[in-house]
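A.B. asks: What follows is a single structure, and I will ask about it in a moment.
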Amino acid sequence: YFDLERLLTNLTSLRVGRGIETLLTLGTDSSSTSTPNNPGLINIAQTATTTATLAAGIGWADLIKTFDALETAYLAKAIWLMSSKTRNFLALQEDSTSRPYFVPAPNADGFDMLLGKPIVINNSLALPTTANAKPILFGSLFDGLQIVSSEVRVQTLVERFAELNESAIIVSTRVGSASLQAGAIQALKLAAA
């Protein structure tokens with residue numbers, strides 16, 4: 001016995017989660033259309049620093065300036081947000097004394113840490129080579145963003161498709177967000193090309 005409906009529901013839940021990540025990060029839907037009541041983390045975040053040049057990439061001083069721009073009241077709950085490509089880019093970088101920027105977590109369940117704060121992967125953020133983009137955010141999501149959402153509703157339609165021995169799954173949810181505290185989220189911005 002194989003529960004196809006459960007498999008499809010689980011796969012759909014993953015897809016909805018990725019869509020919500022894009023919506024809350026960029027403030028746009030999957031076709032890059034701005035959505036009402038979702039400003040997006042990119043738009044909420046204040047620019048802490050801009051890299052000197054795009055070719056120079058993200059330097060240690062840029063990370064320190066981004067960290068330093070966050071008000072100390074928000075440091076207790078602060079995290080780094082970046083794509084997996086940016087995380088991997090930083091893992092290859094070294095400071096002026098040839099020490100790596102950070103050492104990846106040795107176990108699968110741990111978070112990588114940068115300047116004592118966890119790195120959380122958000123693949124909706126820009127690549128570390130995208131001109132004029134914000135590939136790294138740092139701050140407290142608890143203090144910077146309010147999310148209002150309904151439960152994810154999964155409805156299976158069987159009777160309508162019974163004569164063909166098929167079923168359909170409809171997934172729906174409503175998501176909205178708002179900026180809470182100005183300055184609770186800082187961004188590292190890359191220079192223009």
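By order of appearance in the structure tokens: chains A, B, ..., then residues from 1 within every chain, and ligands from 1 in the order shown.
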Would you list the contacts of segment 13-30 of chain A as a list in words, taking every protein, DNA or RNA residue within 7 Å and counting only C-alpha atoms, but skipping same-chain residues closer than 2 positions in sequence?
C.D. replies: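 Everything that qualifies: Thr9, Asn10, Leu11, Ser32, Thr33, Ser34, Thr35, Asn38, Pro39, Gly40, Leu41, Ile42 and Ser124 of chain A.
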A.B. asks: Only N, CA, C and O atoms, please: the residues just picked out, written as a CSV table (one decimal), in the first residue's frame.
C.D. replies:
chain,number,residue,atom,x,y,z
A,9,THR,N,0.8,15.7,-0.7
A,9,THR,CA,0.6,16.7,0.3
A,9,THR,C,1.9,17.2,0.9
A,9,THR,O,2.1,18.4,1.1
A,10,ASN,N,2.8,16.3,1.2
A,10,ASN,CA,4.1,16.6,1.7
A,10,ASN,C,4.9,17.4,0.7
A,10,ASN,O,5.6,18.4,1.1
A,11,LEU,N,4.9,17.0,-0.5
A,11,LEU,CA,5.6,17.7,-1.6
A,11,LEU,C,5.0,19.1,-1.8
A,11,LEU,O,5.8,20.1,-2.0
A,32,SER,N,7.3,37.7,-9.8
A,32,SER,CA,7.9,39.0,-9.4
A,32,SER,C,7.0,40.2,-9.4
A,32,SER,O,7.4,41.3,-9.7
A,33,THR,N,5.7,39.9,-9.1
A,33,THR,CA,4.7,41.0,-8.9
A,33,THR,C,4.6,41.4,-7.5
A,33,THR,O,4.5,40.5,-6.6
A,34,SER,N,4.7,42.7,-7.2
A,34,SER,CA,4.6,43.1,-5.8
A,34,SER,C,3.3,42.7,-5.2
A,34,SER,O,2.3,42.8,-5.9
A,35,THR,N,3.3,42.3,-4.0
A,35,THR,CA,2.1,41.8,-3.3
A,35,THR,C,1.7,42.8,-2.2
A,35,THR,O,2.5,43.5,-1.6
A,38,ASN,N,2.8,43.0,2.1
A,38,ASN,CA,4.1,42.2,2.2
A,38,ASN,C,5.2,43.1,1.7
A,38,ASN,O,5.6,43.0,0.6
A,39,PRO,N,5.8,43.9,2.6
A,39,PRO,CA,6.9,44.8,2.1
A,39,PRO,C,8.2,44.1,1.7
A,39,PRO,O,8.9,44.5,0.9
A,40,GLY,N,8.4,42.9,2.3
A,40,GLY,CA,9.6,42.1,2.0
A,40,GLY,C,10.8,42.5,2.9
A,40,GLY,O,11.0,43.7,3.2
A,41,LEU,N,11.5,41.5,3.4
A,41,LEU,CA,12.7,41.8,4.2
A,41,LEU,C,13.7,42.7,3.6
A,41,LEU,O,14.3,43.5,4.2
A,42,ILE,N,13.9,42.5,2.3
A,42,ILE,CA,14.9,43.3,1.5
A,42,ILE,C,14.5,44.8,1.6
A,42,ILE,O,15.4,45.6,1.7
A,124,SER,N,16.2,32.8,-1.2
A,124,SER,CA,15.5,33.9,-1.9
A,124,SER,C,16.4,35.2,-2.0
A,124,SER,O,16.1,36.1,-2.7
A.B. asks: Residues of segment 6-106 of chain A that approach segment 110-120 of chain A to 10 Å or less, counting only C-alpha atoms: could you list each one with the shortest pair of atoms and its distance in Å to one decimal, rows by chain and increasing residue number, as a tab-separated table?
C.D. replies:
residue	atom	partner	partner_atom	distance
A:Leu63	CA	A:Leu115	CA	8.9
A:Ile64	CA	A:Leu115	CA	8.4
A:Phe67	CA	A:Leu115	CA	8.2
A:Leu75	CA	A:Lys117	CA	8.7
A:Ala76	CA	A:Lys117	CA	9.0
A:Lys77	CA	A:Lys117	CA	8.7
A:Ala78	CA	A:Lys117	CA	6.7
A:Ile79	CA	A:Pro118	CA	5.3
A:Trp80	CA	A:Ile119	CA	4.6
A:Leu81	CA	A:Val120	CA	5.0
A:Met82	CA	A:Val120	CA	6.6
A:Ser83	CA	A:Val120	CA	8.3
A:Ser84	CA	A:Val120	CA	8.9
A:Arg87	CA	A:Ile119	CA	8.0
A:Leu90	CA	A:Leu114	CA	9.8
A:Ala91	CA	A:Asp112	CA	9.9
A:Tyr101	CA	A:Leu114	CA	7.4
A:Phe102	CA	A:Leu114	CA	5.8
A:Val103	CA	A:Asp112	CA	7.2
A:Pro104	CA	A:Asp112	CA	5.1
A:Ala105	CA	A:Asp112	CA	4.8
A:Pro106	CA	A:Gly110	CA	7.4
A.B. asks: With N, CA and C atoms retained, write the just-selected residues as a PDB file, in the first residue's frame.
C.D. replies:
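The result, stored in selection_16.pdb:
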ATOM      1  N   LEU A  63      31.498  42.757   6.761  1.00  0.00           N
ATOM      2  CA  LEU A  63      30.723  41.973   7.731  1.00  0.00           C
ATOM      3  C   LEU A  63      30.735  42.649   9.102  1.00  0.00           C
ATOM      4  N   ILE A  64      31.895  43.163   9.510  1.00  0.00           N
ATOM      5  CA  ILE A  64      32.008  43.851  10.804  1.00  0.00           C
ATOM      6  C   ILE A  64      31.134  45.101  10.814  1.00  0.00           C
ATOM      7  N   PHE A  67      27.509  44.077  11.202  1.00  0.00           N
ATOM      8  CA  PHE A  67      27.277  43.666  12.588  1.00  0.00           C
ATOM      9  C   PHE A  67      27.186  44.888  13.489  1.00  0.00           C
ATOM     10  N   LEU A  75      20.666  42.576  19.398  1.00  0.00           N
ATOM     11  CA  LEU A  75      21.711  41.554  19.241  1.00  0.00           C
ATOM     12  C   LEU A  75      21.351  40.202  19.858  1.00  0.00           C
ATOM     13  N   ALA A  76      20.585  40.191  20.935  1.00  0.00           N
ATOM     14  CA  ALA A  76      20.283  38.927  21.617  1.00  0.00           C
ATOM     15  C   ALA A  76      19.591  37.924  20.696  1.00  0.00           C
ATOM     16  N   LYS A  77      18.728  38.403  19.803  1.00  0.00           N
ATOM     17  CA  LYS A  77      17.981  37.517  18.906  1.00  0.00           C
ATOM     18  C   LYS A  77      18.459  37.615  17.458  1.00  0.00           C
ATOM     19  N   ALA A  78      19.595  38.223  17.241  1.00  0.00           N
ATOM     20  CA  ALA A  78      20.069  38.471  15.878  1.00  0.00           C
ATOM     21  C   ALA A  78      20.564  37.199  15.192  1.00  0.00           C
ATOM     22  N   ILE A  79      20.329  37.146  13.884  1.00  0.00           N
ATOM     23  CA  ILE A  79      20.811  36.063  13.031  1.00  0.00           C
ATOM     24  C   ILE A  79      21.322  36.664  11.725  1.00  0.00           C
ATOM     25  N   TRP A  80      22.131  35.896  11.020  1.00  0.00           N
ATOM     26  CA  TRP A  80      22.549  36.241   9.662  1.00  0.00           C
ATOM     27  C   TRP A  80      21.632  35.496   8.706  1.00  0.00           C
ATOM     28  N   LEU A  81      21.148  36.169   7.683  1.00  0.00           N
ATOM     29  CA  LEU A  81      20.371  35.534   6.619  1.00  0.00           C
ATOM     30  C   LEU A  81      21.155  35.663   5.324  1.00  0.00           C
ATOM     31  N   MET A  82      21.331  34.558   4.625  1.00  0.00           N
ATOM     32  CA  MET A  82      22.038  34.567   3.338  1.00  0.00           C
ATOM     33  C   MET A  82      21.698  33.301   2.573  1.00  0.00           C
ATOM     34  N   SER A  83      21.929  33.321   1.283  1.00  0.00           N
ATOM     35  CA  SER A  83      21.694  32.121   0.477  1.00  0.00           C
ATOM     36  C   SER A  83      22.814  31.111   0.722  1.00  0.00           C
ATOM     37  N   SER A  84      22.586  29.890   0.324  1.00  0.00           N
ATOM     38  CA  SER A  84      23.626  28.862   0.487  1.00  0.00           C
ATOM     39  C   SER A  84      24.856  29.207  -0.356  1.00  0.00           C
ATOM     40  N   ARG A  87      26.804  31.745   1.676  1.00  0.00           N
ATOM     41  CA  ARG A  87      27.448  31.041   2.789  1.00  0.00           C
ATOM     42  C   ARG A  87      28.702  30.307   2.308  1.00  0.00           C
ATOM     43  N   LEU A  90      31.485  32.779   1.545  1.00  0.00           N
ATOM     44  CA  LEU A  90      32.151  33.252   2.767  1.00  0.00           C
ATOM     45  C   LEU A  90      33.019  32.172   3.411  1.00  0.00           C
ATOM     46  N   ALA A  91      32.598  30.918   3.295  1.00  0.00           N
ATOM     47  CA  ALA A  91      33.379  29.821   3.877  1.00  0.00           C
ATOM     48  C   ALA A  91      34.748  29.696   3.214  1.00  0.00           C
ATOM     49  N   TYR A 101      36.818  33.159   7.522  1.00  0.00           N
ATOM     50  CA  TYR A 101      35.808  34.037   8.125  1.00  0.00           C
ATOM     51  C   TYR A 101      35.022  33.293   9.194  1.00  0.00           C
ATOM     52  N   PHE A 102      34.669  32.061   8.901  1.00  0.00           N
ATOM     53  CA  PHE A 102      33.989  31.231   9.888  1.00  0.00           C
ATOM     54  C   PHE A 102      34.274  29.774   9.578  1.00  0.00           C
ATOM     55  N   VAL A 103      34.104  28.944  10.585  1.00  0.00           N
ATOM     56  CA  VAL A 103      34.285  27.509  10.424  1.00  0.00           C
ATOM     57  C   VAL A 103      32.902  26.880  10.395  1.00  0.00           C
ATOM     58  N   PRO A 104      32.564  26.171   9.314  1.00  0.00           N
ATOM     59  CA  PRO A 104      31.243  25.548   9.234  1.00  0.00           C
ATOM     60  C   PRO A 104      30.984  24.615  10.415  1.00  0.00           C
ATOM     61  N   ALA A 105      29.705  24.498  10.800  1.00  0.00           N
ATOM     62  CA  ALA A 105      29.318  23.646  11.925  1.00  0.00           C
ATOM     63  C   ALA A 105      29.728  22.205  11.655  1.00  0.00           C
ATOM     64  N   PRO A 106      30.338  21.528  12.641  1.00  0.00           N
ATOM     65  CA  PRO A 106      30.814  20.167  12.414  1.00  0.00           C
ATOM     66  C   PRO A 106      29.719  19.118  12.358  1.00  0.00           C
TER      67      PRO A 106
END
A.B. asks: Neighbours of Ile185 of chain A within 7 Å (only C-alpha atoms; same-chain residues fewer than 6 positions away dropped), as a list in words?
C.D. replies: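 Result of the neighbour search: Ala45, Gln46, Leu137, Phe138, Gly139, Ser140 and Gly144 of chain A.
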A.B. asks: Would you save the residues from that selection as a tab-separated table (two decimals), in the first residue's frame, using all heavy atoms?
C.D. replies:
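Contents of the output file out-v3.tsv:
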chain	number	residue	atom	x	y	z
A	45	ALA	N	14.92	46.11	5.47
A	45	ALA	CA	16.29	46.20	5.99
A	45	ALA	C	16.95	47.52	5.62
A	45	ALA	O	16.88	47.97	4.49
A	45	ALA	CB	17.12	45.03	5.45
A	46	GLN	N	17.61	48.12	6.60
A	46	GLN	CA	18.38	49.33	6.37
A	46	GLN	C	19.77	48.94	5.87
A	46	GLN	O	20.35	47.97	6.36
A	46	GLN	CB	18.51	50.15	7.65
A	46	GLN	CG	17.19	50.68	8.14
A	46	GLN	CD	17.34	51.46	9.44
A	46	GLN	OE1	18.37	51.43	10.09
A	46	GLN	NE2	16.27	52.15	9.83
A	137	LEU	N	21.58	39.72	5.13
A	137	LEU	CA	20.82	40.49	6.11
A	137	LEU	C	21.27	40.05	7.49
A	137	LEU	O	21.61	38.89	7.71
A	137	LEU	CB	19.33	40.25	5.96
A	137	LEU	CG	18.69	40.57	4.60
A	137	LEU	CD1	17.20	40.24	4.62
A	137	LEU	CD2	18.92	42.01	4.21
A	138	PHE	N	21.26	40.99	8.45
A	138	PHE	CA	21.64	40.68	9.82
A	138	PHE	C	20.71	41.44	10.76
A	138	PHE	O	20.52	42.64	10.61
A	138	PHE	CB	23.09	41.09	10.09
A	138	PHE	CG	23.52	40.86	11.52
A	138	PHE	CD1	23.63	39.58	12.02
A	138	PHE	CD2	23.81	41.93	12.36
A	138	PHE	CE1	24.01	39.35	13.33
A	138	PHE	CE2	24.20	41.72	13.67
A	138	PHE	CZ	24.31	40.43	14.16
A	139	GLY	N	20.12	40.73	11.69
A	139	GLY	CA	19.26	41.39	12.65
A	139	GLY	C	18.30	40.43	13.32
A	139	GLY	O	18.42	39.21	13.21
A	140	SER	N	17.34	41.02	14.00
A	140	SER	CA	16.34	40.26	14.74
A	140	SER	C	15.03	40.24	13.97
A	140	SER	O	14.34	41.27	13.88
A	140	SER	CB	16.12	40.88	16.13
A	140	SER	OG	15.03	40.27	16.76
A	144	GLY	N	11.87	42.87	13.91
A	144	GLY	CA	11.80	43.61	12.66
A	144	GLY	C	10.64	43.28	11.75
A	144	GLY	O	10.29	44.08	10.89
A.B. asks: Using only C-alpha atoms, which of the listed residues (A:Asn122, A:Thr129, A:Ser98, A:Thr86) sits closest to Gly57 of chain A?
C.D. replies: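 Closest to Gly57 of chain A of all the choices is A:Thr129.
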A.B. asks: Report, in Å with one decimal, the straight-line distance from atom CA of Ala133 of chain A to atom CA of Trp60 of chain A.
C.D. replies: 17.9 Å
A.B. asks: Can you pull out every residue within 12 Å of Ala168 of chain A, counting only C-alpha atoms, but drop anything in the same chain fewer than 6 positions away, and send it as number ranges by chain?
C.D. replies: A: 4-6, 8-9, 12, 154-162
A.B. asks: Enumerate, as a list in words, the complete set of residues in segment 47-155 of chain A that a backbone-based DSSP assignment places in helix (DSSP H, G or I).
C.D. replies: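 Of segment 47-155 of chain A, the ones in helix (DSSP H, G or I) are Trp60, Ala61, Asp62, Leu63, Ile64, Lys65, Thr66, Phe67, Asp68, Ala69, Thr72, Ala73, Tyr74, Leu75, Ala76, Lys77, Ser84, Lys85, Thr86, Arg87, Asn88, Phe89, Leu90, Ala91, Leu141, Phe142, Asp143 and Gly144 of chain A.
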A.B. asks: Ranking A:Glu71, A:Glu151, A:Asp62, A:Asp95 by minimum distance to Gly183 of chain A and counting only C-alpha atoms, which one comes first?
C.D. replies: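 Looking only at the distances to Gly183 of chain A, the closest residue turns out to be A:Glu71.
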